[in-house]
Structures are given as structure tokens and as C-alpha cells.
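Have a look at query39.pdb; it's PDB, C-alpha atoms (C1' of nucleotides):
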ATOM      1  CA  MET A   1    -191.107 -83.301 117.885
ATOM      2  CA  PHE A   2    -189.714 -79.807 118.228
ATOM      3  CA  ASN A   3    -186.780 -81.450 119.874
ATOM      4  CA  ALA A   4    -186.199 -83.788 116.965
ATOM      5  CA  LEU A   5    -186.146 -80.799 114.643
ATOM      6  CA  ALA A   6    -183.674 -78.910 116.778
ATOM      7  CA  ASP A   7    -180.796 -80.776 115.179
ATOM      8  CA  GLY A   8    -179.532 -79.551 111.842
ATOM      9  CA  HIS A   9    -178.521 -82.980 110.644
ATOM     10  CA  ARG A  10    -181.985 -84.240 111.330
ATOM     11  CA  ARG A  11    -183.506 -81.412 109.329
ATOM     12  CA  GLY A  12    -181.048 -82.254 106.575
ATOM     13  CA  ILE A  13    -182.296 -85.825 106.560
ATOM     14  CA  LEU A  14    -185.895 -84.664 106.363
ATOM     15  CA  ASP A  15    -185.025 -82.319 103.529
ATOM     16  CA  ALA A  16    -183.374 -85.176 101.689
ATOM     17  CA  LEU A  17    -186.398 -87.392 102.220
ATOM     18  CA  LEU A  18    -188.624 -84.699 100.792
ATOM     19  CA  ALA A  19    -187.466 -85.877  97.392
ATOM     20  CA  GLY A  20    -188.628 -89.399  98.143
ATOM     21  CA  GLU A  21    -187.598 -92.620  99.786
ATOM     22  CA  ARG A  22    -183.931 -93.007 100.508
ATOM     23  CA  ALA A  23    -181.716 -95.804 101.772
ATOM     24  CA  VAL A  24    -179.488 -95.105 104.722
ATOM     25  CA  GLY A  25    -176.365 -95.307 102.606
ATOM     26  CA  GLU A  26    -177.657 -92.689 100.219
ATOM     27  CA  LEU A  27    -178.331 -90.355 103.104
ATOM     28  CA  VAL A  28    -174.826 -90.987 104.383
ATOM     29  CA  ASP A  29    -173.432 -89.947 101.000
ATOM     30  CA  ASP A  30    -175.729 -86.951 100.627
ATOM     31  CA  LEU A  31    -175.173 -85.515 104.072
ATOM     32  CA  SER A  32    -171.582 -86.649 104.625
ATOM     33  CA  ILE A  33    -172.060 -87.701 108.179
ATOM     34  CA  SER A  34    -171.136 -91.104 109.529
ATOM     35  CA  GLN A  35    -173.410 -94.061 109.002
ATOM     36  CA  PRO A  36    -173.993 -94.706 112.705
ATOM     37  CA  GLN A  37    -174.932 -91.079 113.178
ATOM     38  CA  VAL A  38    -177.401 -91.239 110.333
ATOM     39  CA  SER A  39    -178.952 -94.371 111.798
ATOM     40  CA  LYS A  40    -179.236 -92.746 115.179
ATOM     41  CA  HIS A  41    -180.799 -89.613 113.813
ATOM     42  CA  LEU A  42    -183.223 -91.736 111.822
ATOM     43  CA  ARG A  43    -184.119 -93.514 115.007
ATOM     44  CA  VAL A  44    -184.931 -90.262 116.736
ATOM     45  CA  LEU A  45    -186.984 -89.130 113.779
ATOM     46  CA  SER A  46    -188.895 -92.376 113.648
ATOM     47  CA  GLU A  47    -189.536 -92.275 117.385
ATOM     48  CA  VAL A  48    -191.474 -89.058 116.905
ATOM     49  CA  GLY A  49    -193.138 -90.433 113.808
ATOM     50  CA  LEU A  50    -191.519 -88.097 111.304
ATOM     51  CA  VAL A  51    -190.149 -90.945 109.213
ATOM     52  CA  ALA A  52    -190.973 -94.567 108.604
ATOM     53  CA  CYS A  53    -188.954 -97.272 106.951
ATOM     54  CA  ARG A  54    -189.470-100.439 105.013
ATOM     55  CA  ALA A  55    -186.951-103.132 104.248
ATOM     56  CA  GLN A  56    -185.962-103.908 100.722
ATOM     57  CA  GLY A  57    -183.268-106.519 100.495
ATOM     58  CA  ARG A  58    -180.422-105.484 102.687
ATOM     59  CA  HIS A  59    -181.413-101.885 102.306
ATOM     60  CA  ARG A  60    -183.757 -99.971 104.508
ATOM     61  CA  LEU A  61    -185.721 -97.333 102.718
ATOM     62  CA  TYR A  62    -186.795 -94.430 104.865
ATOM     63  CA  ARG A  63    -189.611 -92.190 103.882
ATOM     64  CA  LEU A  64    -191.021 -88.986 105.243
ATOM     65  CA  LYS A  65    -194.280 -88.962 107.195
ATOM     66  CA  PRO A  66    -195.157 -85.333 106.629
ATOM     67  CA  GLU A  67    -198.491 -85.554 108.445
ATOM     68  CA  GLN A  68    -196.517 -85.521 111.661
ATOM     69  CA  LEU A  69    -195.414 -82.000 110.858
ATOM     70  CA  ARG A  70    -198.964 -80.771 111.264
ATOM     71  CA  PRO A  71    -198.574 -79.795 114.935
ATOM     72  CA  LEU A  72    -195.548 -77.709 114.046
ATOM     73  CA  ARG A  73    -197.324 -76.241 111.052
ATOM     74  CA  ASP A  74    -200.329 -75.369 113.179
ATOM     75  CA  TRP A  75    -198.208 -73.836 115.911
ATOM     76  CA  VAL A  76    -196.400 -71.634 113.433
ATOM     77  CA  SER A  77    -199.698 -70.738 111.828
ATOM     78  CA  SER A  78    -200.888 -69.199 115.040
ATOM     79  CA  TYR A  79    -198.047 -66.699 114.670
ATOM     80  CA  GLU A  80    -198.769 -65.956 111.047
ATOM     81  CA  PRO A  81    -200.770 -62.771 111.768
ATOM     82  CA  ALA A  82    -197.960 -61.477 113.939
ATOM     83  CA  ILE A  83    -195.338 -62.380 111.365
ATOM     84  CA  ASN A  84    -197.220 -60.506 108.684
ATOM     85  CA  ALA A  85    -198.113 -57.527 110.852
ATOM     86  CA  ARG A  86    -196.899 -54.171 109.633
ATOM     87  CA  LEU A  87    -194.242 -53.297 112.164
ATOM     88  CA  ASP A  88    -194.125 -49.667 111.127
ATOM     89  CA  ARG A  89    -197.580 -49.001 112.453
ATOM     90  CA  MET A  90    -197.532 -46.128 114.892
ATOM     91  CA  ASP A  91    -197.994 -47.911 118.208
ATOM     92  CA  ASP A  92    -195.295 -50.457 117.473
ATOM     93  CA  TYR A  93    -193.096 -47.732 116.119
ATOM     94  CA  LEU A  94    -193.360 -45.799 119.369
ATOM     95  CA  ILE A  95    -192.459 -48.890 121.326
ATOM     96  CA  GLN A  96    -189.453 -49.315 119.075
ATOM     97  CA  LEU A  97    -188.338 -45.712 119.608
ATOM     98  CA  GLN A  98    -188.852 -45.941 123.307
ATOM     99  CA  ARG A  99    -186.840 -49.143 123.467
ATOM    100  CA  GLU A 100    -183.953 -47.639 121.560
ATOM    101  CA  GLY A 101    -183.961 -44.481 123.636
ATOM    102  CA  ASP A 102    -184.101 -45.959 127.093
ATOM    103  CA  ASP A 103    -180.318 -46.290 127.445
ATOM    104  CA  SER A 104    -179.294 -43.130 125.645
ATOM    105  CA  ASP A 105    -178.724 -40.997 128.740
ATOM    106  CA  ALA A 106    -177.412 -43.543 131.234
TER     107      ALA A 106
ATOM    108  CA  MET B   1    -183.728 -70.822 116.642
ATOM    109  CA  PHE B   2    -185.113 -74.322 116.305
ATOM    110  CA  ASN B   3    -183.237 -75.068 119.458
ATOM    111  CA  ALA B   4    -184.841 -72.217 121.344
ATOM    112  CA  LEU B   5    -188.239 -73.536 120.338
ATOM    113  CA  ALA B   6    -187.424 -77.057 121.464
ATOM    114  CA  ASP B   7    -188.338 -76.170 125.030
ATOM    115  CA  GLY B   8    -191.977 -76.209 126.001
ATOM    116  CA  HIS B   9    -191.636 -73.448 128.556
ATOM    117  CA  ARG B  10    -190.083 -71.234 125.936
ATOM    118  CA  ARG B  11    -192.964 -71.881 123.551
ATOM    119  CA  GLY B  12    -195.293 -71.108 126.424
ATOM    120  CA  ILE B  13    -193.588 -67.773 126.896
ATOM    121  CA  LEU B  14    -193.911 -66.970 123.213
ATOM    122  CA  ASP B  15    -197.562 -67.947 123.271
ATOM    123  CA  ALA B  16    -198.101 -65.646 126.226
ATOM    124  CA  LEU B  17    -196.326 -62.807 124.453
ATOM    125  CA  LEU B  18    -198.550 -63.281 121.451
ATOM    126  CA  ALA B  19    -201.175 -61.369 123.402
ATOM    127  CA  GLY B  20    -198.855 -58.423 123.851
ATOM    128  CA  GLU B  21    -196.062 -57.119 125.991
ATOM    129  CA  ARG B  22    -195.613 -58.775 129.336
ATOM    130  CA  ALA B  23    -193.484 -58.126 132.393
ATOM    131  CA  VAL B  24    -191.385 -60.960 133.728
ATOM    132  CA  GLY B  25    -193.498 -61.279 136.835
ATOM    133  CA  GLU B  26    -196.656 -61.688 134.810
ATOM    134  CA  LEU B  27    -195.051 -64.473 132.847
ATOM    135  CA  VAL B  28    -194.005 -66.109 136.088
ATOM    136  CA  ASP B  29    -197.594 -66.049 137.269
ATOM    137  CA  ASP B  30    -199.038 -67.207 133.958
ATOM    138  CA  LEU B  31    -196.662 -70.091 133.406
ATOM    139  CA  SER B  32    -196.053 -71.046 137.023
ATOM    140  CA  ILE B  33    -192.351 -71.590 136.668
ATOM    141  CA  SER B  34    -189.732 -69.969 138.831
ATOM    142  CA  GLN B  35    -188.660 -66.410 138.178
ATOM    143  CA  PRO B  36    -185.016 -67.263 137.483
ATOM    144  CA  GLN B  37    -186.127 -69.878 134.993
ATOM    145  CA  VAL B  38    -188.323 -67.396 133.209
ATOM    146  CA  SER B  39    -185.467 -64.915 133.048
ATOM    147  CA  LYS B  40    -183.148 -67.526 131.632
ATOM    148  CA  HIS B  41    -185.617 -68.674 129.048
ATOM    149  CA  LEU B  42    -186.184 -65.063 128.081
ATOM    150  CA  ARG B  43    -182.465 -64.687 127.697
ATOM    151  CA  VAL B  44    -182.298 -67.633 125.333
ATOM    152  CA  LEU B  45    -185.221 -66.292 123.358
ATOM    153  CA  SER B  46    -183.693 -62.868 123.116
ATOM    154  CA  GLU B  47    -180.348 -64.293 122.047
ATOM    155  CA  VAL B  48    -181.991 -65.729 118.976
ATOM    156  CA  GLY B  49    -183.967 -62.552 118.464
ATOM    157  CA  LEU B  50    -187.398 -63.987 119.165
ATOM    158  CA  VAL B  51    -188.134 -61.455 121.877
ATOM    159  CA  ALA B  52    -186.991 -57.991 122.821
ATOM    160  CA  CYS B  53    -187.451 -56.068 125.997
ATOM    161  CA  ARG B  54    -187.744 -52.522 127.175
ATOM    162  CA  ALA B  55    -187.484 -51.190 130.699
ATOM    163  CA  GLN B  56    -190.397 -49.479 132.328
ATOM    164  CA  GLY B  57    -189.774 -48.541 135.894
ATOM    165  CA  ARG B  58    -188.558 -51.554 137.714
ATOM    166  CA  HIS B  59    -190.359 -53.775 135.278
ATOM    167  CA  ARG B  60    -188.983 -55.199 132.123
ATOM    168  CA  LEU B  61    -191.552 -55.593 129.412
ATOM    169  CA  TYR B  62    -190.811 -58.310 126.923
ATOM    170  CA  ARG B  63    -192.393 -58.379 123.532
ATOM    171  CA  LEU B  64    -192.440 -60.840 120.693
ATOM    172  CA  LYS B  65    -190.377 -60.266 117.573
ATOM    173  CA  PRO B  66    -192.388 -62.441 115.252
ATOM    174  CA  GLU B  67    -190.335 -61.619 112.166
ATOM    175  CA  GLN B  68    -187.710 -63.920 113.537
ATOM    176  CA  LEU B  69    -190.073 -66.810 113.061
ATOM    177  CA  ARG B  70    -189.889 -66.373 109.311
ATOM    178  CA  PRO B  71    -187.101 -68.927 108.811
ATOM    179  CA  LEU B  72    -189.128 -71.510 110.685
ATOM    180  CA  ARG B  73    -192.259 -70.566 108.802
ATOM    181  CA  ASP B  74    -190.430 -70.836 105.494
ATOM    182  CA  TRP B  75    -188.910 -74.178 106.397
ATOM    183  CA  VAL B  76    -192.275 -75.599 107.325
ATOM    184  CA  SER B  77    -193.762 -74.123 104.170
ATOM    185  CA  SER B  78    -191.438 -76.217 102.070
ATOM    186  CA  TYR B  79    -193.178 -79.255 103.525
ATOM    187  CA  GLU B  80    -196.656 -77.927 102.981
ATOM    188  CA  PRO B  81    -197.200 -79.809  99.711
ATOM    189  CA  ALA B  82    -196.151 -83.032 101.364
ATOM    190  CA  ILE B  83    -198.323 -82.367 104.405
ATOM    191  CA  ASN B  84    -201.324 -81.772 102.196
ATOM    192  CA  ALA B  85    -200.614 -84.627  99.802
ATOM    193  CA  ARG B  86    -203.337 -87.239  99.475
ATOM    194  CA  LEU B  87    -201.786 -90.229 101.168
ATOM    195  CA  ASP B  88    -204.289 -92.600  99.645
ATOM    196  CA  ARG B  89    -202.929 -92.140  96.159
ATOM    197  CA  MET B  90    -201.979 -95.455  94.679
ATOM    198  CA  ASP B  91    -198.198 -95.322  94.817
ATOM    199  CA  ASP B  92    -198.104 -94.199  98.426
ATOM    200  CA  TYR B  93    -200.793 -96.685  99.276
ATOM    201  CA  LEU B  94    -198.731 -99.537  97.879
ATOM    202  CA  ILE B  95    -195.745 -98.424  99.893
ATOM    203  CA  GLN B  96    -197.933 -98.372 102.967
ATOM    204  CA  LEU B  97    -199.256-101.888 102.332
ATOM    205  CA  GLN B  98    -195.810-103.199 101.646
ATOM    206  CA  ARG B  99    -194.487-101.640 104.812
ATOM    207  CA  GLU B 100    -197.230-103.096 106.954
ATOM    208  CA  GLY B 101    -196.832-106.561 105.405
ATOM    209  CA  ASP B 102    -193.100-106.963 105.658
ATOM    210  CA  ASP B 103    -193.125-108.367 109.187
ATOM    211  CA  SER B 104    -196.325-110.400 108.999
ATOM    212  CA  ASP B 105    -194.663-113.785 108.427
ATOM    213  CA  ALA B 106    -191.554-113.488 110.559
TER     214      ALA B 106
ATOM    215  C1'  DT C   1    -179.591 -43.415 152.181
ATOM    216  C1'  DT C   2    -182.479 -47.336 153.370
ATOM    217  C1'  DG C   3    -185.629 -50.833 152.407
ATOM    218  C1'  DA C   4    -188.734 -53.240 149.428
ATOM    219  C1'  DC C   5    -189.585 -54.779 144.960
ATOM    220  C1'  DA C   6    -188.407 -56.670 140.076
ATOM    221  C1'  DT C   7    -185.277 -58.979 137.488
ATOM    222  C1'  DA C   8    -180.804 -61.055 136.294
ATOM    223  C1'  DT C   9    -176.899 -63.942 137.122
ATOM    224  C1'  DG C  10    -173.911 -67.577 139.235
ATOM    225  C1'  DT C  11    -173.343 -72.195 140.828
ATOM    226  C1'  DC C  12    -174.380 -76.971 141.270
ATOM    227  C1'  DG C  13    -176.066 -81.603 140.298
ATOM    228  C1'  DA C  14    -178.789 -84.480 137.431
ATOM    229  C1'  DT C  15    -179.756 -85.638 132.949
ATOM    230  C1'  DA C  16    -179.667 -85.451 128.024
ATOM    231  C1'  DT C  17    -177.218 -84.933 123.759
ATOM    232  C1'  DC C  18    -173.874 -85.643 120.143
ATOM    233  C1'  DA C  19    -169.832 -87.480 117.648
ATOM    234  C1'  DG C  20    -166.646 -91.206 117.074
ATOM    235  C1'  DC C  21    -165.473 -95.705 117.410
ATOM    236  C1'  DA C  22    -166.150-100.638 117.702
ATOM    237  C1'  DT C  23    -169.151-104.244 117.033
ATOM    238  C1'  DA C  24    -173.578-106.748 116.646
ATOM    239  C1'  DT C  25    -177.528-107.953 113.618
ATOM    240  C1'  DG C  26    -179.562-109.064 109.492
ATOM    241  C1'  DT C  27    -179.301-109.902 104.284
ATOM    242  C1'  DT C  28    -177.653-111.668  99.907
ATOM    243  C1'  DG C  29    -174.873-114.548  96.868
ATOM    244  C1'  DG C  30    -171.893-118.517  96.121
TER     245       DG C  30
ATOM    246  C1'  DC D   1    -172.135-122.815 105.448
ATOM    247  C1'  DC D   2    -169.101-118.470 104.560
ATOM    248  C1'  DA D   3    -167.923-113.810 103.158
ATOM    249  C1'  DA D   4    -169.237-109.233 101.954
ATOM    250  C1'  DC D   5    -172.446-105.714 102.335
ATOM    251  C1'  DA D   6    -176.047-102.608 104.734
ATOM    252  C1'  DT D   7    -177.647-101.075 108.840
ATOM    253  C1'  DA D   8    -178.291-100.891 113.899
ATOM    254  C1'  DT D   9    -176.670-100.776 118.543
ATOM    255  C1'  DG D  10    -173.504-100.213 122.580
ATOM    256  C1'  DC D  11    -170.051 -97.589 124.757
ATOM    257  C1'  DT D  12    -167.422 -93.501 125.965
ATOM    258  C1'  DG D  13    -166.082 -88.778 126.660
ATOM    259  C1'  DA D  14    -167.100 -84.041 125.818
ATOM    260  C1'  DT D  15    -170.532 -80.695 126.023
ATOM    261  C1'  DA D  16    -175.037 -78.720 126.639
ATOM    262  C1'  DT D  17    -179.315 -78.392 129.100
ATOM    263  C1'  DC D  18    -182.616 -77.683 132.789
ATOM    264  C1'  DG D  19    -184.226 -76.890 137.425
ATOM    265  C1'  DA D  20    -183.389 -75.293 142.136
ATOM    266  C1'  DC D  21    -181.275 -72.389 145.054
ATOM    267  C1'  DA D  22    -178.824 -68.359 146.535
ATOM    268  C1'  DT D  23    -177.460 -63.928 145.514
ATOM    269  C1'  DA D  24    -176.288 -59.823 142.762
ATOM    270  C1'  DT D  25    -177.989 -55.763 140.153
ATOM    271  C1'  DG D  26    -180.999 -52.197 139.387
ATOM    272  C1'  DT D  27    -185.110 -49.219 140.523
ATOM    273  C1'  DC D  28    -188.488 -46.905 143.082
ATOM    274  C1'  DA D  29    -190.424 -44.703 147.414
ATOM    275  C1'  DA D  30    -189.820 -42.207 151.524
TER     276       DA D  30
END

Serialized structure, C-alpha cells:
Amino acid sequence: MFNALADGHRRGILDALLAGERAVGELVDDLSISQPQVSKHLRVLSEVGLVACRAQGRHRLYRLKPEQLRPLRDWVSSYEPAINARLDRMDDYLIQLQREGDDSDA
Amino acid sequence: MFNALADGHRRGILDALLAGERAVGELVDDLSISQPQVSKHLRVLSEVGLVACRAQGRHRLYRLKPEQLRPLRDWVSSYEPAINARLDRMDDYLIQLQREGDDSDA
DNA sequence: TTGACATATGTCGATATCAGCATATGTTGG
DNA sequence: CCAACATATGCTGATATCGACATATGTCAA
């Protein structure tokens, strides 16, 4: 999962699918990467369950399966307190000073 | 950033640092991976700004820099509506049925 | 200074990854 | 059936990655 998201193109595909179902060709146009690459990235994404597709005529419409992002969402959530922590509180501030000073008289 | 998080050991290190500063040796014990590996993973994490370290004696104390997780948090947030969307709403439900039926009479 | 400890770095081999290209598969219309 | 379109798959070379090992760097204690 995390691995699938490590690629920028793949995130671009997901972002595009956020607007709704898309055919492969549309994604190719939107993201200006080659069709085989798009297909391969879609394969990776579908292997981890982030997208699903249905056939419609000769097109294949891919759609987002956002539920699969829950593990990522939950993982990030566990850092939310730390992200929001005031970093200018005294103890952290001292650590910061100490860190910046520890190579000043080498 | 996303790339740095793609490795499970690296996420393990971040999780361990969530509790506070840690020396490399402590991380080695906690995560039971080799010391050089821990150092290398810490290097990757510090290259993307997710951790910082300060020297204390012969120890090097690494600490989390959670602010750097903001981009990830924000990216995930943009999917929050989709994650929380009722998937049993009619339009999505029809898509689901259609998808499940399209290989039933092959 | 020497020796022990804590950490970082270099190298190597195995494995994965990605982009580009060619080509196979499946679909529609005539 | 054939031809054109839409998509998927296979192959290749370049590049990155990870783990294991050895070893270098830096720091303290005596």
C-alpha cells in the first residue's frame, strides 16, 4: 500500500480518479504518460485494492476504492497530536537550541 | 517523503520515535534489525526531514520531526470525503453490481 | 595514548522498480 | 470474417533498493 503510493504517477492517477471513474485513455491524456505505463500503474494500484475497474465496451473504467486508504489514514492519524504539537514549548525549544549549538565550537 | 515511508522498518522507527527521543542502539534493540540498517534508515528519514538528531556523549539521540508529515496528512485529507462516503448510495451501488456481474456469463 | 563503546559508511549481491518499446488480447462495426 | 480502436502484457536496460558484512569515524574512560 505505502509502496504503491510511493510513486508520483500513481498518486496522480488516484488524484484523477478522485473526480470519478475514468477510462485508461483519459488518464493517459490527463497525466501525459504512456499508455502501457498507465496500465501498469493501474495494475499495481488494483493489486493493493486502491482501484477497481469495470468494462464498458472496449473501454475499461477505473474507479477509486477509497476505503483502502483507511490504513494510511489511521497511521497518519496516530501522528496527528505530534503534528499539531506546539514546537515552541520550552522543553522542545531547549532541545532545538542544544541541537543547533552542539557543533558550534568544534 | 512517500518513498521514505514505503519501508516498514522506517515506519517502525518513526513509531518508536513517537514516544520520544531514542538513541540508535535503543532502536536496534526495539526493532531487532542490524545497527547499520538502522543507521541507514535513519539517514533516509533525516534526508527527507522526518527525523533530526543531536549528539549526547557517544550516543546520538534521534527525534521525530512530525511537521514534515504535514504534506502526507494533507494529501490523505483530500481523500477523507471519499473514504467516509456511504458506499451503499444508489449510484455507487449500481456500479458495484455492474462490476460484479460483468464476468458472470463468460 | 589506548581500548572499549556507539554510530556511520563502504561494498557487494540479490532483487525490485521504472520507462520505453513492441506486441498480444479483447472489443466494436461493417 | 476483417480492420481499427482500447487496453494489457512481455521484454529489456538502466537505476534504485535492501540486507549482510566489514570497517571507518568519533567519543569516552583511565

Counting all atoms listed in the file, chain B residues within 9 Å of chain C, as a list in words: Val24, Gly25, Gln35, Pro36, Ser39, Lys40, Arg58, His59 and Arg60 of chain B

Against chain A, which residues of chain B fall within 6 Å? For each one I want the closest pair of atoms and the distance in Å (one decimal), counting only C-alpha atoms, rows by chain and increasing residue number, as a Markdown table.
| residue | atom | partner | partner_atom | distance |
| --- | --- | --- | --- | --- |
| B:Phe2 | CA | A:Ala6 | CA | 4.8 |
| B:Asn3 | CA | A:Ala6 | CA | 4.7 |
| B:Ala6 | CA | A:Asn3 | CA | 4.7 |
| B:Arg54 | CA | A:Arg99 | CA | 5.1 |
| B:Pro66 | CA | A:Ile83 | CA | 4.9 |
| B:Glu67 | CA | A:Ile83 | CA | 5.1 |
| B:Ala82 | CA | A:Pro66 | CA | 5.8 |
| B:Ile83 | CA | A:Pro66 | CA | 4.9 |
| B:Arg99 | CA | A:Arg54 | CA | 5.2 |

Produce a file of the selected residues containing C-alpha atoms, as a PDB file, keeping the file's coordinate frame.
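Final output, out01.pdb:
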ATOM      1  CA  PHE B   2    -185.113 -74.322 116.305  1.00  0.00           C
ATOM      2  CA  ASN B   3    -183.237 -75.068 119.458  1.00  0.00           C
ATOM      3  CA  ALA B   6    -187.424 -77.057 121.464  1.00  0.00           C
ATOM      4  CA  ARG B  54    -187.744 -52.522 127.175  1.00  0.00           C
ATOM      5  CA  PRO B  66    -192.388 -62.441 115.252  1.00  0.00           C
ATOM      6  CA  GLU B  67    -190.335 -61.619 112.166  1.00  0.00           C
ATOM      7  CA  ALA B  82    -196.151 -83.032 101.364  1.00  0.00           C
ATOM      8  CA  ILE B  83    -198.323 -82.367 104.405  1.00  0.00           C
ATOM      9  CA  ARG B  99    -194.487-101.640 104.812  1.00  0.00           C
TER      10      ARG B  99
END

Pairwise distance for atom CA of Leu42 of chain A and atom CA of Asp29 of chain A, rounded to one decimal in Å: 14.7 Å

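Using all atoms listed in the file for every distance, the candidate list D:DT17, D:DT12, D:DT23, D:DT7 yields D:DT7 as the residue closest to chain A.
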
Superposed chain B (on chain A, all in-order C-alpha pairs) as a compact mmCIF listing (two decimals) with C-alpha atoms, in the coordinates of the input:
# COMPACT_ATOMS: atom_id res chain seq x y z
CA MET B 1 -191.17 -83.27 117.86
CA PHE B 2 -189.77 -79.78 118.23
CA ASN B 3 -186.84 -81.43 119.88
CA ALA B 4 -186.25 -83.77 116.98
CA LEU B 5 -186.18 -80.78 114.66
CA ALA B 6 -183.71 -78.90 116.84
CA ASP B 7 -180.83 -80.76 115.23
CA GLY B 8 -179.54 -79.54 111.91
CA HIS B 9 -178.52 -82.97 110.70
CA ARG B 10 -182.01 -84.22 111.38
CA ARG B 11 -183.52 -81.38 109.37
CA GLY B 12 -181.04 -82.21 106.64
CA ILE B 13 -182.29 -85.77 106.61
CA LEU B 14 -185.89 -84.62 106.37
CA ASP B 15 -184.99 -82.26 103.56
CA ALA B 16 -183.32 -85.11 101.73
CA LEU B 17 -186.35 -87.33 102.23
CA LEU B 18 -188.56 -84.64 100.80
CA ALA B 19 -187.38 -85.82 97.40
CA GLY B 20 -188.54 -89.34 98.09
CA GLU B 21 -187.53 -92.55 99.75
CA ARG B 22 -183.87 -92.94 100.52
CA ALA B 23 -181.67 -95.75 101.78
CA VAL B 24 -179.47 -95.08 104.77
CA GLY B 25 -176.33 -95.26 102.69
CA GLU B 26 -177.59 -92.64 100.29
CA LEU B 27 -178.29 -90.32 103.18
CA VAL B 28 -174.80 -90.95 104.48
CA ASP B 29 -173.37 -89.91 101.14
CA ASP B 30 -175.64 -86.90 100.74
CA LEU B 31 -175.13 -85.48 104.20
CA SER B 32 -171.55 -86.61 104.77
CA ILE B 33 -172.04 -87.68 108.34
CA SER B 34 -171.13 -91.07 109.70
CA GLN B 35 -173.40 -94.03 109.13
CA PRO B 36 -174.05 -94.68 112.82
CA GLN B 37 -174.99 -91.05 113.28
CA VAL B 38 -177.43 -91.21 110.42
CA SER B 39 -178.99 -94.35 111.86
CA LYS B 40 -179.35 -92.73 115.25
CA HIS B 41 -180.87 -89.59 113.85
CA LEU B 42 -183.26 -91.71 111.84
CA ARG B 43 -184.19 -93.50 115.02
CA VAL B 44 -185.01 -90.23 116.74
CA LEU B 45 -187.03 -89.10 113.77
CA SER B 46 -188.93 -92.33 113.62
CA GLU B 47 -189.63 -92.25 117.34
CA VAL B 48 -191.54 -89.04 116.87
CA GLY B 49 -193.18 -90.40 113.75
CA LEU B 50 -191.54 -88.06 111.27
CA VAL B 51 -190.16 -90.90 109.18
CA ALA B 52 -190.98 -94.52 108.54
CA CYS B 53 -188.95 -97.22 106.92
CA ARG B 54 -189.44 -100.36 104.95
CA ALA B 55 -186.92 -103.08 104.19
CA GLN B 56 -185.90 -103.83 100.66
CA GLY B 57 -183.21 -106.41 100.40
CA ARG B 58 -180.40 -105.42 102.63
CA HIS B 59 -181.38 -101.81 102.29
CA ARG B 60 -183.71 -99.92 104.50
CA LEU B 61 -185.66 -97.27 102.69
CA TYR B 62 -186.76 -94.38 104.84
CA ARG B 63 -189.57 -92.12 103.84
CA LEU B 64 -191.00 -88.93 105.22
CA LYS B 65 -194.27 -88.92 107.13
CA PRO B 66 -195.14 -85.30 106.58
CA GLU B 67 -198.48 -85.49 108.37
CA GLN B 68 -196.54 -85.48 111.58
CA LEU B 69 -195.42 -81.97 110.83
CA ARG B 70 -198.97 -80.73 111.21
CA PRO B 71 -198.60 -79.77 114.88
CA LEU B 72 -195.56 -77.69 114.03
CA ARG B 73 -197.30 -76.19 111.04
CA ASP B 74 -200.33 -75.33 113.15
CA TRP B 75 -198.22 -73.81 115.89
CA VAL B 76 -196.39 -71.61 113.44
CA SER B 77 -199.69 -70.70 111.81
CA SER B 78 -200.89 -69.18 115.04
CA TYR B 79 -198.06 -66.69 114.69
CA GLU B 80 -198.74 -65.92 111.07
CA PRO B 81 -200.75 -62.77 111.79
CA ALA B 82 -197.98 -61.46 113.98
CA ILE B 83 -195.32 -62.36 111.42
CA ASN B 84 -197.21 -60.50 108.73
CA ALA B 85 -198.16 -57.54 110.91
CA ARG B 86 -196.99 -54.15 109.69
CA LEU B 87 -194.34 -53.26 112.22
CA ASP B 88 -194.36 -49.63 111.23
CA ARG B 89 -197.82 -49.05 112.61
CA MET B 90 -197.78 -46.24 115.10
CA ASP B 91 -198.14 -48.10 118.38
CA ASP B 92 -195.43 -50.61 117.57
CA TYR B 93 -193.28 -47.85 116.20
CA LEU B 94 -193.49 -45.94 119.46
CA ILE B 95 -192.52 -49.03 121.39
CA GLN B 96 -189.57 -49.45 119.08
CA LEU B 97 -188.43 -45.84 119.55
CA GLN B 98 -188.85 -46.06 123.27
CA ARG B 99 -186.87 -49.27 123.40
CA GLU B 100 -184.01 -47.86 121.38
CA GLY B 101 -183.90 -44.65 123.45
CA ASP B 102 -183.91 -46.12 126.92
CA ASP B 103 -180.15 -46.58 127.13
CA SER B 104 -179.06 -43.49 125.22
CA ASP B 105 -178.26 -41.34 128.27
CA ALA B 106 -176.84 -43.91 130.67

Can you give me, as a short mmCIF file (atom, residue, chain, number, x, y, z; two decimals) with C-alpha atoms (C1' of nucleotides), in the frame of the given file, the residues this file yields under the PyMOL selection byres ((chain D and resi 20) around 9)?
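So the final result, stored in part-v8.cif, reads:
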data_model
loop_
_atom_site.label_atom_id
_atom_site.label_comp_id
_atom_site.auth_asym_id
_atom_site.auth_seq_id
_atom_site.Cartn_x
_atom_site.Cartn_y
_atom_site.Cartn_z
CA SER B 34 -189.73 -69.97 138.83
"C1'" DG D 19 -184.23 -76.89 137.43
"C1'" DC D 21 -181.28 -72.39 145.05
#

8 Å contacts from chain D to chain B using all atoms listed in the file, as a ChimeraX atom specification: /D:19,26-28
